[in-house]
There are 2 protein chains.
Amino acid sequence: MILTKTSQYAVRVLTYMIQSDLRVFSAHHLIKALSIPDKYLRQLLTTLSKAGFIKSIRGREGGYVLARNPDKIRLSDIIEVIDGMERYERCLLGFPSCSDDNPCSLHRKWAPLREQMLHFLRETTLDEIRQNDITKF
Amino acid sequence: MILTKTSQYAVRVLTYMIQSDLRVFSAHHLIKALSIPDKYLRQLLTTLSKAGFIKSIRGREGGYVLARNPDKIRLSDIIEVIDGMERYERCLLGFPSCSDDNPCSLHRKWAPLREQMLHFLRETTLDEIRQNDITKF
DNA sequence: TTAAATTACTACGACGGTATAGCATATCAG
DNA sequence: CTGATATGCTATACCGTCGTAGTAATTTAA
Ligand code: FES
Ligand code: FES
């Protein structure tokens, strides 16, 4: 898997919230809507809340609301919080350094491709995703 | 990490063998040359041997020799044996199916990029790597 | 006021990738 | 032959990701 399951869940939750007309989402609602394991998603929601992507409202009639402007949230922002982006930036063969000056045998062909991938992760925003009008969550 | 450590080790071992003038490599030699954990590399060499990339010669003066024509070994062949390629072919968000007809919200932007990445893994051969003349292992 | 609805915290278990250790097996130089 | 030099096999431990479970804390509708 390119992304960990947790990152996949995180992206799915946020894209779901962003494209819905609702404002407040309970954990229960999200679990049902997205078919993500109950307790696992609850933990993740707390993480996303602490990271500032969503805001939690405790108590009866509580839930979660989006906290940041959707066009400001990039895929890489989400991944950074969950897994860290570092793993996607390193040498493909695992060497400690990676640069044009000290390349491994795959660097020449791989580095440009990796740049495209990183560009995709860093420049794709949730707002852009919403415009796809896709309802698969 | 895009590749697992085991796959990284496998590629490094084979690229090392292919660019050297030696014919037979003992596990001991490879462990020293590549700084890969002793027992772990030994296991991996057995795996690579069973998979047909190298041939093992047991007993005194034994070791491993390349078994297949270098220009026939692709990165994806190696990865397939170690981890399986499936993880690189699936939906980025983890949905069971992935196609233009049933896309997730990231499919449109991601799919073409993934194709490039798969093309890189499937079309890059060890022989091509050797021509880079890079001695970082 | 109280009970229901809701999020927060923490500990535990399952699983796969990574790494280590010991013993068994094979071959050949001498 | 025999000892030294190799590879082969299997069990175990560690760690991070994934998933489950129970309990505490918070808020508000009724
Ligand atoms: S040095 Fe290996 S990918 Fe850059
Ligand atoms: S459906 Fe998700 S990447 Fe193709």
# chains A, B, ... in the order shown; residues from 1 in each chain; ligands from 1
>>> calpha_fit_and_write(fixed="chain A", moving="chain B", output="mmCIF file with C-alpha atoms, in the first residue's frame")
data_model
loop_
_atom_site.group_PDB
_atom_site.id
_atom_site.type_symbol
_atom_site.label_atom_id
_atom_site.label_comp_id
_atom_site.auth_asym_id
_atom_site.auth_seq_id
_atom_site.Cartn_x
_atom_site.Cartn_y
_atom_site.Cartn_z
ATOM 1 C CA MET B 1 0.032 0.019 0.007
ATOM 2 C CA ILE B 2 1.282 3.478 -0.846
ATOM 3 C CA LEU B 3 -0.659 5.131 1.969
ATOM 4 C CA THR B 4 -1.234 3.440 5.317
ATOM 5 C CA LYS B 5 -4.800 2.480 6.087
ATOM 6 C CA THR B 6 -4.961 5.181 8.722
ATOM 7 C CA SER B 7 -4.067 7.851 6.177
ATOM 8 C CA GLN B 8 -6.617 6.425 3.772
ATOM 9 C CA TYR B 9 -9.253 6.615 6.482
ATOM 10 C CA ALA B 10 -8.278 10.188 7.331
ATOM 11 C CA VAL B 11 -8.585 11.359 3.727
ATOM 12 C CA ARG B 12 -11.866 9.563 3.303
ATOM 13 C CA VAL B 13 -13.358 11.069 6.442
ATOM 14 C CA LEU B 14 -12.367 14.594 5.543
ATOM 15 C CA THR B 15 -13.490 14.329 1.919
ATOM 16 C CA TYR B 16 -16.781 12.930 3.124
ATOM 17 C CA MET B 17 -17.342 15.775 5.538
ATOM 18 C CA ILE B 18 -16.385 18.384 3.004
ATOM 19 C CA GLN B 19 -18.830 17.262 0.331
ATOM 20 C CA SER B 20 -21.806 16.828 2.644
ATOM 21 C CA ASP B 21 -24.421 19.412 3.427
ATOM 22 C CA LEU B 22 -24.340 18.552 7.092
ATOM 23 C CA ARG B 23 -22.329 20.642 9.497
ATOM 24 C CA VAL B 24 -21.941 18.417 12.547
ATOM 25 C CA PHE B 25 -21.012 14.746 12.205
ATOM 26 C CA SER B 26 -21.136 12.295 15.086
ATOM 27 C CA ALA B 27 -18.589 9.492 15.207
ATOM 28 C CA HIS B 28 -21.508 7.099 14.944
ATOM 29 C CA HIS B 29 -22.670 8.695 11.721
ATOM 30 C CA LEU B 30 -19.205 8.587 10.144
ATOM 31 C CA ILE B 31 -18.642 4.968 11.157
ATOM 32 C CA LYS B 32 -21.872 3.954 9.445
ATOM 33 C CA ALA B 33 -21.348 6.104 6.384
ATOM 34 C CA LEU B 34 -17.750 5.094 5.742
ATOM 35 C CA SER B 35 -17.685 1.516 7.086
ATOM 36 C CA ILE B 36 -14.579 2.128 9.152
ATOM 37 C CA PRO B 37 -14.031 0.108 12.356
ATOM 38 C CA ASP B 38 -15.761 1.810 15.270
ATOM 39 C CA LYS B 39 -13.094 2.321 17.896
ATOM 40 C CA TYR B 40 -10.394 2.832 15.338
ATOM 41 C CA LEU B 41 -12.184 5.698 13.657
ATOM 42 C CA ARG B 42 -12.942 7.272 17.037
ATOM 43 C CA GLN B 43 -9.251 7.347 17.833
ATOM 44 C CA LEU B 44 -8.504 8.795 14.447
ATOM 45 C CA LEU B 45 -11.106 11.517 14.872
ATOM 46 C CA THR B 46 -9.462 12.561 18.114
ATOM 47 C CA THR B 47 -6.121 12.702 16.312
ATOM 48 C CA LEU B 48 -7.579 14.801 13.507
ATOM 49 C CA SER B 49 -9.155 17.048 16.086
ATOM 50 C CA LYS B 50 -5.892 17.566 17.957
ATOM 51 C CA ALA B 51 -4.197 18.277 14.651
ATOM 52 C CA GLY B 52 -6.701 21.026 13.970
ATOM 53 C CA PHE B 53 -8.431 19.624 10.888
ATOM 54 C CA ILE B 54 -11.720 19.244 12.708
ATOM 55 C CA LYS B 55 -13.160 20.587 15.938
ATOM 56 C CA SER B 56 -14.854 18.302 18.437
ATOM 57 C CA ILE B 57 -18.044 19.194 20.260
ATOM 58 C CA ARG B 58 -18.509 17.077 23.324
ATOM 59 C CA GLY B 59 -21.728 16.127 25.016
ATOM 60 C CA ARG B 60 -25.215 15.547 23.749
ATOM 61 C CA GLU B 61 -25.842 16.785 20.220
ATOM 62 C CA GLY B 62 -22.102 16.932 19.856
ATOM 63 C CA GLY B 63 -19.850 15.628 17.119
ATOM 64 C CA TYR B 64 -17.228 17.000 14.769
ATOM 65 C CA VAL B 65 -17.154 19.997 12.452
ATOM 66 C CA LEU B 66 -14.562 21.017 9.904
ATOM 67 C CA ALA B 67 -12.187 23.506 11.427
ATOM 68 C CA ARG B 68 -10.027 24.714 8.570
ATOM 69 C CA ASN B 69 -10.806 26.143 5.205
ATOM 70 C CA PRO B 70 -11.017 23.181 2.792
ATOM 71 C CA ASP B 71 -8.911 24.830 0.139
ATOM 72 C CA LYS B 72 -6.123 25.096 2.697
ATOM 73 C CA ILE B 73 -5.964 21.393 3.524
ATOM 74 C CA ARG B 74 -3.583 19.457 1.292
ATOM 75 C CA LEU B 75 -3.187 15.691 1.146
ATOM 76 C CA SER B 76 0.360 16.068 2.430
ATOM 77 C CA ASP B 77 -0.914 17.992 5.472
ATOM 78 C CA ILE B 78 -3.054 15.018 6.415
ATOM 79 C CA ILE B 79 -0.400 12.410 5.718
ATOM 80 C CA GLU B 80 2.198 14.412 7.625
ATOM 81 C CA VAL B 81 0.125 14.241 10.783
ATOM 82 C CA ILE B 82 -0.721 10.544 10.499
ATOM 83 C CA ASP B 83 2.410 8.849 9.140
ATOM 84 C CA GLY B 84 4.846 11.626 8.344
ATOM 85 C CA MET B 85 5.802 12.537 4.791
ATOM 86 C CA GLU B 86 9.423 11.548 5.251
ATOM 87 C CA ARG B 87 8.952 8.043 3.949
ATOM 88 C CA TYR B 88 7.894 9.398 0.560
ATOM 89 C CA GLU B 89 10.884 11.675 0.269
ATOM 90 C CA ARG B 90 13.729 9.266 0.913
ATOM 91 C CA CYS B 91 15.968 7.242 -1.365
ATOM 92 C CA LEU B 92 14.109 4.417 -3.094
ATOM 93 C CA LEU B 93 16.814 1.964 -2.103
ATOM 94 C CA GLY B 94 16.957 3.153 1.498
ATOM 95 C CA PHE B 95 20.289 4.972 1.468
ATOM 96 C CA PRO B 96 20.568 7.705 4.089
ATOM 97 C CA SER B 97 21.100 10.528 1.644
ATOM 98 C CA CYS B 98 19.459 11.199 -1.695
ATOM 99 C CA SER B 99 20.676 13.890 -4.060
ATOM 100 C CA ASP B 100 21.834 14.362 -7.610
ATOM 101 C CA ASP B 101 25.369 14.653 -6.286
ATOM 102 C CA ASN B 102 25.277 11.347 -4.443
ATOM 103 C CA PRO B 103 22.794 9.204 -6.314
ATOM 104 C CA CYS B 104 22.037 5.521 -6.017
ATOM 105 C CA SER B 105 21.666 3.403 -9.117
ATOM 106 C CA LEU B 106 17.963 4.156 -9.469
ATOM 107 C CA HIS B 107 18.070 7.850 -8.631
ATOM 108 C CA ARG B 108 18.311 9.179 -12.171
ATOM 109 C CA LYS B 109 15.095 7.561 -13.301
ATOM 110 C CA TRP B 110 13.257 7.616 -9.993
ATOM 111 C CA ALA B 111 13.830 11.127 -8.670
ATOM 112 C CA PRO B 112 11.786 12.968 -11.334
ATOM 113 C CA LEU B 113 8.921 10.545 -10.883
ATOM 114 C CA ARG B 114 8.998 10.973 -7.140
ATOM 115 C CA GLU B 115 8.898 14.749 -7.580
ATOM 116 C CA GLN B 116 5.679 14.375 -9.552
ATOM 117 C CA MET B 117 4.229 12.214 -6.843
ATOM 118 C CA LEU B 118 5.205 14.638 -4.105
ATOM 119 C CA HIS B 119 3.785 17.490 -6.151
ATOM 120 C CA PHE B 120 0.511 15.612 -6.365
ATOM 121 C CA LEU B 121 0.400 15.079 -2.601
ATOM 122 C CA ARG B 122 1.439 18.623 -1.792
ATOM 123 C CA GLU B 123 -0.745 20.509 -4.236
ATOM 124 C CA THR B 124 -3.975 18.537 -4.130
ATOM 125 C CA THR B 125 -6.429 20.179 -1.741
ATOM 126 C CA LEU B 126 -9.662 18.854 -0.307
ATOM 127 C CA ASP B 127 -11.509 21.642 -2.041
ATOM 128 C CA GLU B 128 -10.232 20.439 -5.395
ATOM 129 C CA ILE B 129 -11.307 16.910 -4.529
ATOM 130 C CA ARG B 130 -14.822 18.048 -3.757
ATOM 131 C CA GLN B 131 -15.192 19.439 -7.250
ATOM 132 C CA ASN B 132 -14.866 15.945 -8.667
ATOM 133 C CA ASP B 133 -18.415 15.310 -7.501
ATOM 134 C CA ILE B 134 -17.663 11.721 -6.681
ATOM 135 C CA THR B 135 -19.698 9.984 -4.046
ATOM 136 C CA LYS B 136 -17.568 6.977 -3.214
ATOM 137 C CA PHE B 137 -16.535 6.883 0.425
#
>>> select_by_dssp(residues="chain B", states="alpha helix (DSSP H)", output="PyMOL selection string")
chain B and resi 5-19+27-34+38-50+75-82+86-89+107-123+126-130
>>> interface_residues(of="chain C", to="chain A", cutoff="7 Å", atoms="only C-alpha atoms (C1' of nucleotides)", output="list of chain:residue names")
C:DA5, C:DT6, C:DT7
>>> write_last_selection(atoms="C-alpha atoms (C1' of nucleotides)", output="CSV table (one decimal), in the first residue's frame")
chain,number,residue,atom,x,y,z
C,5,DA,C1',-25.8,11.0,24.0
C,6,DT,C1',-21.5,12.0,22.9
C,7,DT,C1',-16.2,12.5,22.8
>>> interface_residues(of="chain D", to="chain B", cutoff="6 Å", atoms="only C-alpha atoms (C1' of nucleotides)", output="PDB file with C-alpha atoms (C1' of nucleotides), in the first residue's frame")
ATOM      1  C1'  DT D   5      33.980 -23.503   4.503  1.00  0.00           C
ATOM      2  C1'  DA D   6      29.689 -22.902   2.664  1.00  0.00           C
ATOM      3  C1'  DT D   7      24.425 -22.776   2.287  1.00  0.00           C
TER       4       DT D   7
END
>>> atom_distance(atom1="C1' of DG19 (chain D)", atom2="C1' of DG16 (chain C)")
14.2 Å
>>> atom_distance(atom1="C1' of DC15 (chain D)", atom2="C1' of DT10 (chain C)")
19.4 Å
>>> select_by_dssp(residues="chain A", states="strand (DSSP E or B)", output="JSON, numbers by chain")
{"A": [25, 54, 55, 56, 57, 63, 64, 65, 66, 74, 125]}
>>> write_last_selection(atoms="all heavy atoms", output="short mmCIF file (atom, residue, chain, number, x, y, z; two decimals), in the first residue's frame")
data_model
loop_
_atom_site.label_atom_id
_atom_site.label_comp_id
_atom_site.auth_asym_id
_atom_site.auth_seq_id
_atom_site.Cartn_x
_atom_site.Cartn_y
_atom_site.Cartn_z
N PHE A 25 -20.99 16.19 12.47
CA PHE A 25 -21.01 14.76 12.21
C PHE A 25 -20.64 14.02 13.49
O PHE A 25 -19.57 14.28 14.05
CB PHE A 25 -19.98 14.40 11.14
CG PHE A 25 -20.18 15.11 9.83
CD1 PHE A 25 -19.71 16.40 9.65
CD2 PHE A 25 -20.84 14.48 8.77
CE1 PHE A 25 -19.89 17.06 8.44
CE2 PHE A 25 -21.02 15.13 7.56
CZ PHE A 25 -20.54 16.43 7.40
N ILE A 54 -10.32 19.19 12.29
CA ILE A 54 -11.71 19.26 12.71
C ILE A 54 -11.77 19.74 14.15
O ILE A 54 -10.76 19.76 14.85
CB ILE A 54 -12.41 17.89 12.59
CG1 ILE A 54 -11.66 16.83 13.40
CG2 ILE A 54 -12.51 17.46 11.13
CD1 ILE A 54 -12.24 15.44 13.30
N LYS A 55 -12.97 20.14 14.54
CA LYS A 55 -13.15 20.59 15.92
C LYS A 55 -14.17 19.67 16.56
O LYS A 55 -15.18 19.33 15.95
CB LYS A 55 -13.67 22.03 15.94
CG LYS A 55 -13.27 22.84 17.17
CD LYS A 55 -13.45 24.33 16.96
CE LYS A 55 -14.92 24.72 16.80
NZ LYS A 55 -15.59 25.04 18.08
N SER A 56 -13.91 19.21 17.77
CA SER A 56 -14.84 18.29 18.43
C SER A 56 -15.78 19.07 19.33
O SER A 56 -15.39 20.05 19.97
CB SER A 56 -14.08 17.25 19.23
OG SER A 56 -13.54 17.82 20.39
N ILE A 57 -17.01 18.62 19.36
CA ILE A 57 -18.01 19.19 20.26
C ILE A 57 -18.49 18.06 21.16
O ILE A 57 -19.13 17.12 20.69
CB ILE A 57 -19.21 19.76 19.47
CG1 ILE A 57 -18.73 20.78 18.44
CG2 ILE A 57 -20.23 20.37 20.42
CD1 ILE A 57 -19.80 21.21 17.46
N GLY A 63 -20.37 16.26 18.32
CA GLY A 63 -19.84 15.64 17.10
C GLY A 63 -18.60 16.37 16.64
O GLY A 63 -17.86 16.95 17.46
N TYR A 64 -18.40 16.37 15.34
CA TYR A 64 -17.22 17.02 14.78
C TYR A 64 -17.62 17.96 13.65
O TYR A 64 -18.51 17.65 12.85
CB TYR A 64 -16.24 15.97 14.24
CG TYR A 64 -15.74 15.00 15.29
CD1 TYR A 64 -16.41 13.81 15.52
CD2 TYR A 64 -14.61 15.29 16.05
CE1 TYR A 64 -15.96 12.90 16.48
CE2 TYR A 64 -14.17 14.40 17.02
CZ TYR A 64 -14.84 13.21 17.23
OH TYR A 64 -14.40 12.34 18.18
N VAL A 65 -16.95 19.09 13.58
CA VAL A 65 -17.14 20.01 12.45
C VAL A 65 -15.78 20.33 11.84
O VAL A 65 -14.75 20.28 12.53
CB VAL A 65 -17.80 21.34 12.89
CG1 VAL A 65 -19.22 21.10 13.36
CG2 VAL A 65 -16.97 22.01 13.97
N LEU A 66 -15.79 20.63 10.57
CA LEU A 66 -14.54 21.03 9.91
C LEU A 66 -14.02 22.30 10.55
O LEU A 66 -14.78 23.21 10.86
CB LEU A 66 -14.78 21.25 8.41
CG LEU A 66 -14.87 19.98 7.58
CD1 LEU A 66 -15.40 20.29 6.18
CD2 LEU A 66 -13.50 19.32 7.48
N ARG A 74 -4.17 20.25 2.36
CA ARG A 74 -3.59 19.44 1.29
C ARG A 74 -3.46 18.00 1.75
O ARG A 74 -3.37 17.73 2.95
CB ARG A 74 -2.18 19.97 0.94
CG ARG A 74 -2.13 21.45 0.68
CD ARG A 74 -0.69 21.94 0.80
NE ARG A 74 -0.64 23.38 0.93
CZ ARG A 74 -0.62 24.22 -0.11
NH1 ARG A 74 -0.64 23.73 -1.34
NH2 ARG A 74 -0.60 25.52 0.07
N THR A 125 -5.70 19.73 -2.95
CA THR A 125 -6.44 20.17 -1.76
C THR A 125 -7.78 19.48 -1.69
O THR A 125 -8.30 18.99 -2.69
CB THR A 125 -6.67 21.69 -1.78
OG1 THR A 125 -7.50 22.01 -2.91
CG2 THR A 125 -5.36 22.45 -1.90
#
>>> residues_around(residues="DC9 (chain C)", least_positions_apart="2", cutoff="10 Å", atoms="only C-alpha atoms (C1' of nucleotides)", output="short mmCIF file (atom, residue, chain, number, x, y, z; two decimals) with C-alpha atoms (C1' of nucleotides), in the first residue's frame")
data_model
loop_
_atom_site.label_atom_id
_atom_site.label_comp_id
_atom_site.auth_asym_id
_atom_site.auth_seq_id
_atom_site.Cartn_x
_atom_site.Cartn_y
_atom_site.Cartn_z
CA GLN A 43 -9.25 7.36 17.82
"C1'" DA C 11 -4.62 -0.78 27.77
"C1'" DT D 23 -14.09 3.18 31.36
"C1'" DA D 24 -13.99 8.21 32.23
"C1'" DA D 25 -15.44 12.87 31.19
#
>>> atom_distance(atom1="C1' of DA21 (chain D)", atom2="C1' of DG13 (chain C)")
10.3 Å
>>> decode(residues="region 31-130 of chain A", atoms="C-alpha atoms", output="short mmCIF file (atom, residue, chain, number, x, y, z; two decimals), in the first residue's frame")
data_model
loop_
_atom_site.label_atom_id
_atom_site.label_comp_id
_atom_site.auth_asym_id
_atom_site.auth_seq_id
_atom_site.Cartn_x
_atom_site.Cartn_y
_atom_site.Cartn_z
CA ILE A 31 -18.65 4.98 11.15
CA LYS A 32 -21.89 3.97 9.45
CA ALA A 33 -21.36 6.13 6.39
CA LEU A 34 -17.76 5.11 5.75
CA SER A 35 -17.71 1.53 7.08
CA ILE A 36 -14.61 2.15 9.14
CA PRO A 37 -14.07 0.11 12.34
CA ASP A 38 -15.79 1.82 15.25
CA LYS A 39 -13.11 2.32 17.87
CA TYR A 40 -10.41 2.85 15.30
CA LEU A 41 -12.19 5.72 13.64
CA ARG A 42 -12.95 7.28 17.01
CA GLN A 43 -9.25 7.36 17.82
CA LEU A 44 -8.51 8.81 14.42
CA LEU A 45 -11.12 11.53 14.86
CA THR A 46 -9.46 12.55 18.11
CA THR A 47 -6.12 12.70 16.31
CA LEU A 48 -7.58 14.81 13.50
CA SER A 49 -9.15 17.05 16.10
CA LYS A 50 -5.89 17.58 17.96
CA ALA A 51 -4.19 18.28 14.65
CA GLY A 52 -6.69 21.02 13.97
CA PHE A 53 -8.41 19.64 10.88
CA ILE A 54 -11.71 19.26 12.71
CA LYS A 55 -13.15 20.59 15.92
CA SER A 56 -14.84 18.29 18.43
CA ILE A 57 -18.01 19.19 20.26
CA ARG A 58 -18.49 17.05 23.33
CA GLY A 59 -21.71 16.09 25.01
CA ARG A 60 -25.18 15.45 23.74
CA GLU A 61 -25.83 16.70 20.22
CA GLY A 62 -22.08 16.91 19.84
CA GLY A 63 -19.84 15.64 17.10
CA TYR A 64 -17.22 17.02 14.78
CA VAL A 65 -17.14 20.01 12.45
CA LEU A 66 -14.54 21.03 9.91
CA ALA A 67 -12.17 23.52 11.43
CA ARG A 68 -10.02 24.72 8.58
CA ASN A 69 -10.81 26.13 5.21
CA PRO A 70 -11.03 23.18 2.81
CA ASP A 71 -8.91 24.82 0.14
CA LYS A 72 -6.13 25.10 2.70
CA ILE A 73 -5.97 21.39 3.52
CA ARG A 74 -3.59 19.44 1.29
CA LEU A 75 -3.18 15.69 1.15
CA SER A 76 0.36 16.07 2.43
CA ASP A 77 -0.91 17.98 5.46
CA ILE A 78 -3.05 15.02 6.41
CA ILE A 79 -0.39 12.40 5.72
CA GLU A 80 2.20 14.39 7.62
CA VAL A 81 0.12 14.23 10.79
CA ILE A 82 -0.72 10.53 10.51
CA ASP A 83 2.41 8.83 9.14
CA GLY A 84 4.84 11.60 8.35
CA MET A 85 5.81 12.52 4.80
CA GLU A 86 9.43 11.54 5.26
CA ARG A 87 8.97 8.02 3.96
CA TYR A 88 7.90 9.38 0.58
CA GLU A 89 10.87 11.67 0.28
CA ARG A 90 13.73 9.28 0.92
CA CYS A 91 15.97 7.26 -1.36
CA LEU A 92 14.11 4.43 -3.08
CA LEU A 93 16.82 1.97 -2.09
CA GLY A 94 16.95 3.17 1.50
CA PHE A 95 20.28 5.00 1.48
CA PRO A 96 20.55 7.74 4.09
CA SER A 97 21.09 10.56 1.63
CA CYS A 98 19.44 11.23 -1.68
CA SER A 99 20.66 13.91 -4.06
CA ASP A 100 21.83 14.37 -7.61
CA ASP A 101 25.37 14.68 -6.29
CA ASN A 102 25.28 11.38 -4.44
CA PRO A 103 22.80 9.22 -6.32
CA CYS A 104 22.04 5.54 -6.02
CA SER A 105 21.68 3.42 -9.11
CA LEU A 106 17.96 4.17 -9.46
CA HIS A 107 18.07 7.87 -8.63
CA ARG A 108 18.32 9.18 -12.17
CA LYS A 109 15.11 7.57 -13.29
CA TRP A 110 13.27 7.60 -9.99
CA ALA A 111 13.85 11.12 -8.68
CA PRO A 112 11.79 12.95 -11.35
CA LEU A 113 8.93 10.51 -10.89
CA ARG A 114 9.02 10.96 -7.14
CA GLU A 115 8.90 14.72 -7.59
CA GLN A 116 5.68 14.35 -9.55
CA MET A 117 4.23 12.17 -6.84
CA LEU A 118 5.21 14.62 -4.11
CA HIS A 119 3.79 17.47 -6.16
CA PHE A 120 0.52 15.57 -6.37
CA LEU A 121 0.41 15.06 -2.61
CA ARG A 122 1.44 18.62 -1.79
CA GLU A 123 -0.75 20.48 -4.25
CA THR A 124 -3.97 18.51 -4.14
CA THR A 125 -6.44 20.17 -1.76
CA LEU A 126 -9.66 18.84 -0.33
CA ASP A 127 -11.51 21.63 -2.05
CA GLU A 128 -10.23 20.43 -5.40
CA ILE A 129 -11.30 16.89 -4.54
CA ARG A 130 -14.83 18.03 -3.76
#
